[in-house]
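Working notes for the structure below.
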Amino acid sequence: MKTVAVVIPAKDEEATIGELLDGISKVVVDGHTLQPVVVDDGSLDRTAAIARERGATVVTHRRNRGLGAAVRTGLRAAVETGADAVAYLDADLEYSPEDIPRLLEPVLTGRADYVLGSRFLGGVRGMRLYRRVGNHAFTALLSALTGRRMTDGQTGMRAFSREAA
């Protein structure tokens, strides 16, 4: 069976990491095993311990190195463990694990190497207006620079082929 690593950068997320990992454990992606890889980015709480209790692979940064470093560490760990594809999810429960199969589908069928999720397709809940406006402006700039239409340039839900990771 093939493996999909689910990379989860986390700093002080003890309140949400267990629920997120429980949700991931219920997700079915045909022909693939999901393996959570939590990158504990210098947490001062029980984030790493809770993740280990739930069966996740945990990689620890002794001090906070930032989201970008945590994502890079997680992608590297996923590739080193032999994952065939990678999903990336923020630890704050803003995205539902139930969306992982739909996110991964273009990668697993070979139609894409990199897929962005979006908080804006299907409506937005709970985002302050100034953040929404800023995100839309940043996303418009990214779309113009890349020549690709995007709806959420700051999404915390992405999928990568092994080669793109």
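Simple scheme: letters A, B, ... for chains in structure tokens order, numbers from 1 for residues in each chain, numbers from 1 for ligands in the order shown.
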Inset, instruction - Apply DSSP to the backbone of this structure and, from range 4-130 of chain A, keep only the residues in alpha helix (DSSP H); write these as a PyMOL selection string. - result: chain A and resi 17-25+47-53+67-80+100-108+129-130
Take the residues from that selection and write them out as a compact mmCIF listing (two decimals), in the first residue's frame, keeping N, CA and C atoms.
# COMPACT_ATOMS: atom_id res chain seq x y z
N ILE A 17 -4.48 19.68 18.42
CA ILE A 17 -3.75 18.64 17.69
C ILE A 17 -4.39 17.26 17.82
N GLY A 18 -4.91 16.93 18.98
CA GLY A 18 -5.55 15.63 19.17
C GLY A 18 -6.78 15.47 18.30
N GLU A 19 -7.62 16.49 18.28
CA GLU A 19 -8.84 16.45 17.46
C GLU A 19 -8.48 16.35 15.97
N LEU A 20 -7.47 17.11 15.55
CA LEU A 20 -7.05 17.05 14.16
C LEU A 20 -6.55 15.65 13.79
N LEU A 21 -5.70 15.08 14.63
CA LEU A 21 -5.17 13.74 14.34
C LEU A 21 -6.26 12.68 14.38
N ASP A 22 -7.22 12.82 15.29
CA ASP A 22 -8.36 11.90 15.31
C ASP A 22 -9.15 11.99 14.01
N GLY A 23 -9.33 13.22 13.51
CA GLY A 23 -10.03 13.41 12.24
C GLY A 23 -9.29 12.78 11.07
N ILE A 24 -7.97 12.96 11.05
CA ILE A 24 -7.16 12.38 9.98
C ILE A 24 -7.24 10.86 10.01
N SER A 25 -7.30 10.28 11.20
CA SER A 25 -7.34 8.81 11.31
C SER A 25 -8.62 8.22 10.71
N THR A 47 1.94 19.64 22.89
CA THR A 47 1.66 19.33 21.49
C THR A 47 2.33 18.05 21.04
N ALA A 48 3.64 17.93 21.24
CA ALA A 48 4.39 16.75 20.77
C ALA A 48 3.92 15.48 21.46
N ALA A 49 3.70 15.55 22.77
CA ALA A 49 3.27 14.36 23.52
C ALA A 49 1.91 13.87 23.03
N ILE A 50 0.99 14.78 22.81
CA ILE A 50 -0.35 14.40 22.33
C ILE A 50 -0.24 13.78 20.94
N ALA A 51 0.58 14.37 20.09
CA ALA A 51 0.75 13.83 18.73
C ALA A 51 1.32 12.42 18.77
N ARG A 52 2.32 12.19 19.62
CA ARG A 52 2.90 10.84 19.75
C ARG A 52 1.85 9.85 20.26
N GLU A 53 1.05 10.29 21.25
CA GLU A 53 0.00 9.42 21.79
C GLU A 53 -0.98 8.99 20.71
N LEU A 67 7.08 29.17 10.66
CA LEU A 67 6.25 28.29 9.84
C LEU A 67 6.99 27.75 8.63
N GLY A 68 7.71 28.60 7.92
CA GLY A 68 8.42 28.15 6.73
C GLY A 68 9.41 27.03 7.04
N ALA A 69 10.17 27.20 8.12
CA ALA A 69 11.14 26.17 8.51
C ALA A 69 10.42 24.88 8.91
N ALA A 70 9.30 25.01 9.60
CA ALA A 70 8.54 23.82 10.01
C ALA A 70 7.99 23.07 8.80
N VAL A 71 7.51 23.80 7.81
CA VAL A 71 7.00 23.16 6.59
C VAL A 71 8.14 22.45 5.87
N ARG A 72 9.28 23.13 5.71
CA ARG A 72 10.43 22.50 5.03
C ARG A 72 10.88 21.24 5.76
N THR A 73 10.94 21.31 7.10
CA THR A 73 11.32 20.13 7.89
C THR A 73 10.33 19.00 7.66
N GLY A 74 9.04 19.31 7.65
CA GLY A 74 8.01 18.29 7.44
C GLY A 74 8.08 17.66 6.06
N LEU A 75 8.28 18.49 5.03
CA LEU A 75 8.39 17.95 3.67
C LEU A 75 9.61 17.05 3.54
N ARG A 76 10.72 17.47 4.13
CA ARG A 76 11.94 16.65 4.09
C ARG A 76 11.72 15.32 4.80
N ALA A 77 11.09 15.36 5.97
CA ALA A 77 10.81 14.13 6.72
C ALA A 77 9.88 13.21 5.92
N ALA A 78 8.89 13.79 5.25
CA ALA A 78 7.95 12.99 4.46
C ALA A 78 8.67 12.26 3.33
N VAL A 79 9.53 12.97 2.63
CA VAL A 79 10.28 12.36 1.52
C VAL A 79 11.24 11.30 2.05
N GLU A 80 11.94 11.61 3.15
CA GLU A 80 12.90 10.66 3.73
C GLU A 80 12.25 9.37 4.20
N ILE A 100 -9.09 16.17 2.70
CA ILE A 100 -7.81 15.64 2.24
C ILE A 100 -7.94 14.82 0.95
N PRO A 101 -8.90 13.89 0.84
CA PRO A 101 -8.99 13.12 -0.41
C PRO A 101 -9.19 13.99 -1.65
N ARG A 102 -10.04 14.99 -1.55
CA ARG A 102 -10.30 15.88 -2.69
C ARG A 102 -9.05 16.71 -3.02
N LEU A 103 -8.32 17.13 -1.99
CA LEU A 103 -7.09 17.89 -2.19
C LEU A 103 -6.03 17.03 -2.89
N LEU A 104 -5.92 15.78 -2.48
CA LEU A 104 -4.89 14.88 -3.01
C LEU A 104 -5.20 14.32 -4.39
N GLU A 105 -6.46 14.27 -4.77
CA GLU A 105 -6.87 13.58 -6.00
C GLU A 105 -6.07 14.01 -7.23
N PRO A 106 -5.88 15.30 -7.51
CA PRO A 106 -5.10 15.67 -8.70
C PRO A 106 -3.64 15.22 -8.63
N VAL A 107 -3.08 15.17 -7.44
CA VAL A 107 -1.70 14.71 -7.27
C VAL A 107 -1.62 13.20 -7.47
N LEU A 108 -2.52 12.47 -6.85
CA LEU A 108 -2.47 11.00 -6.91
C LEU A 108 -2.80 10.44 -8.28
N LEU A 129 -12.66 41.08 8.34
CA LEU A 129 -12.70 41.75 7.04
C LEU A 129 -11.32 42.20 6.59
N TYR A 130 -10.53 42.82 7.47
CA TYR A 130 -9.22 43.32 7.06
C TYR A 130 -8.30 42.17 6.63
Inset, instruction - Choose the residue, out of A:Asp113, A:Asp90, A:Asp99, A:Glu13, that has the smallest atom-to-atom separation from Arg46 in chain A; count only C-alpha atoms. - result: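 Closest to Arg46 in chain A, using only C-alpha atoms: A:Glu13.
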Inset, instruction - Mind checking which residues fall within 10 Å of Ser43 in chain A, counting only C-alpha atoms, ignoring those fewer than 3 positions away in the same chain, and posting them as an MDAnalysis selection string? - result: chainID A and resid 10:14 39:40 46:48 60:64
Inset, instruction - Pick out the closest residue to Gly66 in chain A from this set: A:Asp41, A:His32, A:Glu163, A:Thr81. Count only C-alpha atoms. - result: A:Asp41
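Counting from CA of Lys26 in chain A, the distance to CA of Tyr88 in chain A is 16.6 Å.
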Inset, instruction - Run DSSP on the backbone and grab whatever in range 26-123 of chain A lands in strand (DSSP E or B); send it over as a list in words. - result: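 Here is the list: Val29, His32, Thr33, Leu34, Gln35, Pro36, Val37, Val38, Val39, Asp40, Asp41, Thr57, Val58, Val59, Thr60, His61, Ala85, Val86, Ala87, Tyr88, Leu89, Tyr114, Val115 and Leu116 of chain A.
Nearest to Glu94 in chain A of all the residues A:Val38, A:Met157, A:Ala15, A:Met1 is A:Met157, based on only C-alpha atoms.
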Legend entry - Pairwise distance for CA of Arg65 in chain A and CA of Pro9 in chain A, rounded to one decimal in Å: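 A separation of 10.9 Å between them.
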Inset, instruction - Would you mind reading off the distance between CA of Phe160 in chain A and CA of Ala56 in chain A, one decimal, in Å? - result: 19.2 Å
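If only C-alpha atoms are the atoms counted, then among A:Ala164, A:Val27, A:Val58, A:Leu44 the closest residue to Ser96 in chain A is A:Val27.
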Legend entry - Exercise: Thr3 in chain A partners within 7 Å, only C-alpha atoms, chain neighbours under 3 positions left out, as a list in words: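 Neighbouring residues, sequence-local ones excluded: His32, Thr33, Leu34, Gln35, Ala83 and Asp84 of chain A.
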